[in-house]
$ cat structure06.cif   # mmCIF, N, CA and C atoms
data_run
#
loop_
_atom_site.label_atom_id
_atom_site.label_comp_id
_atom_site.auth_asym_id
_atom_site.auth_seq_id
_atom_site.Cartn_x
_atom_site.Cartn_y
_atom_site.Cartn_z
N MET U 1 33.56 234.55 25.76
CA MET U 1 34.04 233.23 25.42
C MET U 1 35.57 233.23 25.39
N PRO U 2 36.19 232.32 26.11
CA PRO U 2 37.65 232.25 26.11
C PRO U 2 38.20 231.88 24.73
N GLU U 3 39.27 232.56 24.34
CA GLU U 3 39.99 232.24 23.12
C GLU U 3 41.33 231.63 23.49
N ILE U 4 41.70 230.57 22.80
CA ILE U 4 42.95 229.87 23.07
C ILE U 4 43.74 229.72 21.77
N THR U 5 45.00 229.37 21.91
CA THR U 5 45.82 228.97 20.77
C THR U 5 45.96 227.46 20.86
N PHE U 6 45.54 226.78 19.80
CA PHE U 6 45.47 225.32 19.78
C PHE U 6 46.51 224.73 18.84
N ASN U 7 47.16 223.65 19.29
CA ASN U 7 48.08 222.88 18.46
C ASN U 7 47.86 221.40 18.73
N ALA U 8 48.08 220.60 17.70
CA ALA U 8 48.08 219.15 17.86
C ALA U 8 49.35 218.64 17.20
N PHE U 9 49.90 217.57 17.73
CA PHE U 9 51.17 217.07 17.24
C PHE U 9 51.08 215.66 16.69
N SER U 10 52.07 215.33 15.90
CA SER U 10 52.32 213.99 15.39
C SER U 10 51.08 213.40 14.71
N PHE U 11 50.69 212.20 15.11
CA PHE U 11 49.62 211.45 14.46
C PHE U 11 48.27 212.17 14.53
N LEU U 12 48.09 213.03 15.52
CA LEU U 12 46.82 213.74 15.65
C LEU U 12 46.59 214.69 14.48
N GLN U 13 47.67 215.22 13.92
CA GLN U 13 47.53 216.14 12.80
C GLN U 13 46.83 215.47 11.61
N LYS U 14 47.21 214.23 11.33
CA LYS U 14 46.59 213.50 10.23
C LYS U 14 45.09 213.29 10.49
N LYS U 15 44.74 212.93 11.72
CA LYS U 15 43.33 212.72 12.06
C LYS U 15 42.53 214.01 11.91
N LEU U 16 43.09 215.12 12.39
CA LEU U 16 42.38 216.39 12.31
C LEU U 16 42.28 216.89 10.87
N LYS U 17 43.33 216.69 10.10
CA LYS U 17 43.32 217.10 8.70
C LYS U 17 42.21 216.37 7.95
N ALA U 18 42.03 215.08 8.21
CA ALA U 18 40.98 214.29 7.57
C ALA U 18 39.59 214.82 7.93
N LYS U 19 39.48 215.45 9.11
CA LYS U 19 38.20 216.00 9.55
C LYS U 19 38.07 217.48 9.20
N LYS U 20 39.08 217.98 8.46
CA LYS U 20 39.12 219.39 8.05
C LYS U 20 39.12 220.34 9.25
N ILE U 21 39.88 219.96 10.27
CA ILE U 21 40.03 220.79 11.47
C ILE U 21 41.47 221.28 11.53
N GLU U 22 41.64 222.59 11.64
CA GLU U 22 42.98 223.18 11.73
C GLU U 22 43.66 222.73 13.01
N PHE U 23 45.01 222.63 12.97
CA PHE U 23 45.72 222.06 14.11
C PHE U 23 47.04 222.74 14.46
N SER U 24 47.39 223.82 13.79
CA SER U 24 48.69 224.44 14.05
C SER U 24 48.54 225.93 14.34
N ASN U 25 48.78 226.31 15.60
CA ASN U 25 48.68 227.70 16.04
C ASN U 25 47.35 228.34 15.65
N VAL U 26 46.27 227.62 15.92
CA VAL U 26 44.93 228.06 15.58
C VAL U 26 44.32 228.79 16.76
N THR U 27 43.75 229.95 16.50
CA THR U 27 42.98 230.64 17.53
C THR U 27 41.58 230.06 17.49
N MET U 28 41.14 229.55 18.62
CA MET U 28 39.78 228.99 18.68
C MET U 28 39.09 229.42 19.96
N THR U 29 37.77 229.35 19.92
CA THR U 29 36.94 229.72 21.06
C THR U 29 36.45 228.46 21.75
N VAL U 30 36.46 228.49 23.07
CA VAL U 30 35.92 227.39 23.86
C VAL U 30 34.83 227.95 24.78
N THR U 31 33.96 227.08 25.20
CA THR U 31 32.89 227.46 26.13
C THR U 31 33.50 227.78 27.49
N PRO U 32 33.05 228.86 28.14
CA PRO U 32 33.56 229.15 29.49
C PRO U 32 33.39 227.93 30.40
N GLY U 33 34.44 227.63 31.17
CA GLY U 33 34.41 226.49 32.08
C GLY U 33 34.82 225.18 31.43
N SER U 34 35.19 225.23 30.14
CA SER U 34 35.63 224.01 29.46
C SER U 34 36.95 223.53 30.02
N CYS U 35 37.10 222.22 30.05
CA CYS U 35 38.36 221.63 30.46
C CYS U 35 39.03 221.01 29.23
N ALA U 36 40.25 220.54 29.41
CA ALA U 36 41.00 219.96 28.31
C ALA U 36 40.24 218.80 27.67
N LYS U 37 39.56 218.00 28.49
CA LYS U 37 38.76 216.88 27.98
C LYS U 37 37.66 217.39 27.04
N ASP U 38 37.04 218.50 27.38
CA ASP U 38 36.01 219.09 26.51
C ASP U 38 36.61 219.53 25.17
N LEU U 39 37.81 220.09 25.22
CA LEU U 39 38.47 220.52 23.99
C LEU U 39 38.76 219.32 23.09
N ILE U 40 39.19 218.22 23.67
CA ILE U 40 39.45 217.01 22.89
C ILE U 40 38.19 216.60 22.13
N HIS U 41 37.06 216.65 22.79
CA HIS U 41 35.79 216.31 22.14
C HIS U 41 35.39 217.38 21.12
N GLN U 42 35.69 218.65 21.41
CA GLN U 42 35.35 219.74 20.49
C GLN U 42 36.06 219.57 19.15
N VAL U 43 37.30 219.06 19.18
CA VAL U 43 38.04 218.86 17.93
C VAL U 43 37.83 217.45 17.37
N LYS U 44 36.82 216.78 17.88
CA LYS U 44 36.37 215.48 17.38
C LYS U 44 37.41 214.37 17.49
N LEU U 45 38.17 214.41 18.60
CA LEU U 45 39.08 213.32 18.93
C LEU U 45 38.49 212.57 20.11
N THR U 46 39.06 211.41 20.40
CA THR U 46 38.63 210.64 21.57
C THR U 46 39.70 210.74 22.64
N MET U 47 39.34 210.39 23.84
CA MET U 47 40.30 210.39 24.94
C MET U 47 41.42 209.39 24.67
N GLU U 48 41.11 208.33 23.95
CA GLU U 48 42.11 207.32 23.62
C GLU U 48 43.14 207.84 22.61
N ASP U 49 42.78 208.88 21.86
CA ASP U 49 43.70 209.46 20.87
C ASP U 49 44.83 210.26 21.53
N VAL U 50 44.56 210.80 22.72
CA VAL U 50 45.45 211.77 23.34
C VAL U 50 46.11 211.18 24.58
N GLU U 51 47.45 211.28 24.63
CA GLU U 51 48.17 210.83 25.82
C GLU U 51 48.37 211.97 26.81
N VAL U 52 48.71 213.15 26.27
CA VAL U 52 49.08 214.27 27.14
C VAL U 52 48.50 215.57 26.59
N VAL U 53 48.11 216.44 27.52
CA VAL U 53 47.69 217.80 27.19
C VAL U 53 48.70 218.74 27.81
N PHE U 54 49.20 219.66 27.00
CA PHE U 54 50.05 220.73 27.51
C PHE U 54 49.20 222.00 27.55
N ILE U 55 49.22 222.68 28.68
CA ILE U 55 48.58 223.99 28.79
C ILE U 55 49.65 224.97 29.22
N ASN U 56 49.89 225.93 28.36
CA ASN U 56 50.92 226.94 28.59
C ASN U 56 52.29 226.30 28.83
N GLY U 57 52.58 225.26 28.06
CA GLY U 57 53.90 224.63 28.10
C GLY U 57 54.11 223.61 29.20
N LYS U 58 53.07 223.32 29.98
CA LYS U 58 53.22 222.35 31.07
C LYS U 58 52.18 221.25 30.93
N VAL U 59 52.56 220.04 31.30
CA VAL U 59 51.61 218.92 31.30
C VAL U 59 50.50 219.23 32.28
N ALA U 60 49.26 218.99 31.83
CA ALA U 60 48.10 219.29 32.68
C ALA U 60 47.14 218.11 32.68
N PRO U 61 46.44 217.90 33.78
CA PRO U 61 45.41 216.85 33.81
C PRO U 61 44.28 217.18 32.82
N PHE U 62 43.60 216.15 32.35
CA PHE U 62 42.52 216.33 31.39
C PHE U 62 41.36 217.15 31.95
N ASP U 63 41.24 217.24 33.27
CA ASP U 63 40.14 218.02 33.85
C ASP U 63 40.52 219.46 34.17
N THR U 64 41.68 219.90 33.70
CA THR U 64 42.12 221.28 33.91
C THR U 64 41.23 222.25 33.12
N ILE U 65 40.72 223.26 33.80
CA ILE U 65 39.89 224.27 33.15
C ILE U 65 40.77 225.15 32.26
N ILE U 66 40.30 225.37 31.04
CA ILE U 66 41.03 226.19 30.06
C ILE U 66 40.60 227.65 30.25
N GLU U 67 41.59 228.52 30.34
CA GLU U 67 41.34 229.94 30.56
C GLU U 67 41.60 230.73 29.28
N ASN U 68 41.08 231.95 29.21
CA ASN U 68 41.31 232.83 28.09
C ASN U 68 42.82 233.02 27.86
N ASN U 69 43.23 232.98 26.61
CA ASN U 69 44.62 233.17 26.17
C ASN U 69 45.54 232.00 26.51
N ASP U 70 45.01 230.88 26.97
CA ASP U 70 45.86 229.70 27.19
C ASP U 70 46.36 229.16 25.85
N ARG U 71 47.53 228.54 25.90
CA ARG U 71 48.09 227.81 24.76
C ARG U 71 47.90 226.33 25.09
N VAL U 72 47.15 225.63 24.25
CA VAL U 72 46.82 224.23 24.53
C VAL U 72 47.32 223.36 23.38
N ALA U 73 48.04 222.29 23.75
CA ALA U 73 48.55 221.35 22.75
C ALA U 73 48.20 219.93 23.14
N LEU U 74 47.83 219.14 22.14
CA LEU U 74 47.50 217.74 22.35
C LEU U 74 48.60 216.87 21.75
N VAL U 75 49.00 215.85 22.49
CA VAL U 75 50.07 214.94 22.07
C VAL U 75 49.51 213.52 22.08
N PRO U 76 49.71 212.77 20.97
CA PRO U 76 49.17 211.40 20.93
C PRO U 76 50.08 210.41 21.65
N HIS U 77 49.55 209.22 21.85
CA HIS U 77 50.34 208.12 22.39
C HIS U 77 51.46 207.77 21.43
N GLY U 78 52.56 207.32 21.98
CA GLY U 78 53.66 206.83 21.16
C GLY U 78 54.57 207.89 20.59
N THR U 79 54.40 209.13 20.99
CA THR U 79 55.30 210.17 20.51
C THR U 79 56.66 209.93 21.13
N PRO U 80 57.70 209.75 20.29
CA PRO U 80 59.02 209.44 20.83
C PRO U 80 59.70 210.67 21.42
N GLY U 81 60.71 210.43 22.18
CA GLY U 81 61.50 211.53 22.71
C GLY U 81 62.17 211.16 24.02
N PRO U 82 63.42 211.56 24.16
CA PRO U 82 64.17 211.21 25.38
C PRO U 82 63.75 212.00 26.60
N TYR U 83 62.96 213.06 26.42
CA TYR U 83 62.63 213.92 27.54
C TYR U 83 61.22 213.69 28.08
N ARG U 84 60.59 212.58 27.70
CA ARG U 84 59.21 212.31 28.09
C ARG U 84 59.01 212.40 29.61
N VAL U 85 59.88 211.79 30.38
CA VAL U 85 59.73 211.79 31.84
C VAL U 85 59.98 213.19 32.39
N LEU U 86 60.99 213.88 31.86
CA LEU U 86 61.28 215.24 32.32
C LEU U 86 60.13 216.20 32.03
N LEU U 87 59.45 215.98 30.91
CA LEU U 87 58.32 216.82 30.56
C LEU U 87 57.07 216.50 31.39
N GLY U 88 57.10 215.34 32.05
CA GLY U 88 56.00 214.99 32.93
C GLY U 88 55.08 213.92 32.40
N PHE U 89 55.49 213.24 31.32
CA PHE U 89 54.67 212.15 30.85
C PHE U 89 55.53 211.01 30.35
N LYS U 90 54.95 209.82 30.39
CA LYS U 90 55.62 208.62 29.88
C LYS U 90 54.55 207.61 29.52
N ASN U 91 54.91 206.68 28.69
CA ASN U 91 53.96 205.65 28.26
C ASN U 91 53.62 204.77 29.44
N LYS U 92 52.35 204.78 29.84
CA LYS U 92 51.93 204.01 31.01
C LYS U 92 51.91 202.52 30.75
N ASN U 93 52.00 202.12 29.48
CA ASN U 93 51.99 200.69 29.14
C ASN U 93 53.35 200.03 29.32
N LEU U 94 54.38 200.83 29.55
CA LEU U 94 55.73 200.27 29.71
C LEU U 94 56.01 199.89 31.13
#

$ encode --input "structure06.cif" --output "structure tokens"
Amino acid sequence: MPEITFNAFSFLQKKLKAKKIEFSNVTMTVTPGSCAKDLIHQVKLTMEDVEVVFINGKVAPFDTIIENNDRVALVPHGTPGPYRVLLGFKNKNL
């Protein structure tokens, strides 16, 4: 079973804390062949909760397969920052 390091940022932390799910540098196991979308469901979030997934420091599509030792971070909609476009994401509603 692949083990990853999981992080969630900003507003997602509050949602995960309410569900008693750890969210900061957590080692967790995922099912082999799981993608980022599966991880979102595993931590009991919805696709609407998450704007961007980072895998190993880079923006990745939601269907990216998660590998052993990957670092995966979830970022919610509305996270501010001047580097959004440089990092590879931006608010699609703008």

$ atom_distance --input "structure06.cif" --atom1 "CA of Asn56 (chain U)" --atom2 "CA of Val72 (chain U)"
6.4 Å

$ resolve_selection --input "structure06.cif" --expression "the PyMOL selection byres ((chain U and resi 52) around 7)" --output "tab-separated table (two decimals) with N, CA and C atoms, in the frame of the given file"
chain	number	residue	atom	x	y	z
U	49	ASP	N	42.78	208.88	21.86
U	49	ASP	CA	43.70	209.46	20.87
U	49	ASP	C	44.83	210.26	21.53
U	50	VAL	N	44.56	210.80	22.72
U	50	VAL	CA	45.45	211.77	23.34
U	50	VAL	C	46.11	211.18	24.58
U	51	GLU	N	47.45	211.28	24.63
U	51	GLU	CA	48.17	210.83	25.82
U	51	GLU	C	48.37	211.97	26.81
U	53	VAL	N	48.11	216.44	27.52
U	53	VAL	CA	47.69	217.80	27.19
U	53	VAL	C	48.70	218.74	27.81
U	54	PHE	N	49.20	219.66	27.00
U	54	PHE	CA	50.05	220.73	27.51
U	54	PHE	C	49.20	222.00	27.55
U	59	VAL	N	52.56	220.04	31.30
U	59	VAL	CA	51.61	218.92	31.30
U	59	VAL	C	50.50	219.23	32.28
U	60	ALA	N	49.26	218.99	31.83
U	60	ALA	CA	48.10	219.29	32.68
U	60	ALA	C	47.14	218.11	32.68
U	73	ALA	N	48.04	222.29	23.75
U	73	ALA	CA	48.55	221.35	22.75
U	73	ALA	C	48.20	219.93	23.14
U	74	LEU	N	47.83	219.14	22.14
U	74	LEU	CA	47.50	217.74	22.35
U	74	LEU	C	48.60	216.87	21.75
U	75	VAL	N	49.00	215.85	22.49
U	75	VAL	CA	50.07	214.94	22.07
U	75	VAL	C	49.51	213.52	22.08
U	76	PRO	N	49.71	212.77	20.97
U	76	PRO	CA	49.17	211.40	20.93
U	76	PRO	C	50.08	210.41	21.65
U	77	HIS	N	49.55	209.22	21.85
U	77	HIS	CA	50.34	208.12	22.39
U	77	HIS	C	51.46	207.77	21.43

$ atom_distance --input "structure06.cif" --atom1 "CA of Ser34 (chain U)" --atom2 "CA of Gln13 (chain U)"
21.9 Å

$ select_by_dssp --input "structure06.cif" --residues "chain U" --states "strand (DSSP E)" --output "list in words"
Glu3, Ile4, Thr5, Phe6, Asn7, Ala8, Val26, Thr27, Met28, Thr29, Val50, Glu51, Val52, Val53, Phe54, Ile55, Lys58, Val59, Ala60, Arg71, Val72, Ala73, Leu74, Val75 and Pro76 of chain U

$ atom_distance --input "structure06.cif" --atom1 "CA of Thr29 (chain U)" --atom2 "atom C of Gly78 (chain U)"
28.1 Å

$ residues_around --input "structure06.cif" --residues "Leu39 (chain U)" --least-positions-apart "6" --cutoff "9 Å" --atoms "only C-alpha atoms" --output "list of chain:residue names"
U:Val30, U:Leu45, U:Ile66

$ write_last_selection --input "structure06.cif" --atoms "N, CA and C atoms" --output "PDB file, keeping the file's coordinate frame"
ATOM      1  N   VAL U  30      36.460 228.490  23.070  1.00  0.00           N
ATOM      2  CA  VAL U  30      35.920 227.390  23.860  1.00  0.00           C
ATOM      3  C   VAL U  30      34.830 227.950  24.780  1.00  0.00           C
ATOM      4  N   LEU U  45      38.170 214.410  18.600  1.00  0.00           N
ATOM      5  CA  LEU U  45      39.080 213.320  18.930  1.00  0.00           C
ATOM      6  C   LEU U  45      38.490 212.570  20.110  1.00  0.00           C
ATOM      7  N   ILE U  66      40.300 225.370  31.040  1.00  0.00           N
ATOM      8  CA  ILE U  66      41.030 226.190  30.060  1.00  0.00           C
ATOM      9  C   ILE U  66      40.600 227.650  30.250  1.00  0.00           C
TER      10      ILE U  66
END

$ axis_aligned_box --input "structure06.cif" --around "region 43-54 of chain U" --padding-each-side "4 Å" --output "JSON"
{"center_x": 43.2, "center_y": 214.7, "center_z": 22.6, "size_x": 21.7, "size_y": 22.7, "size_z": 18.4}

$ select_by_dssp --input "structure06.cif" --residues "chain U" --states "alpha helix (DSSP H)" --output "PyMOL selection string"
chain U and resi 11-18+36-42+84-87

$ resolve_selection --input "structure06.cif" --expression "the PyMOL selection byres ((chain U and resi 28) around 6.5)" --output "list in words"
Pro2, Glu3, Ile4, Thr5, Phe6, Val26, Thr27, Thr29 and Val30 of chain U

$ resolve_selection --input "structure06.cif" --expression "the PyMOL selection byres (((chain U and resi 15-20 and name CA) around 12) and name CA)" --output "ChimeraX atom specification"
/U:7-14,21-24,40-46,49-50,74,76
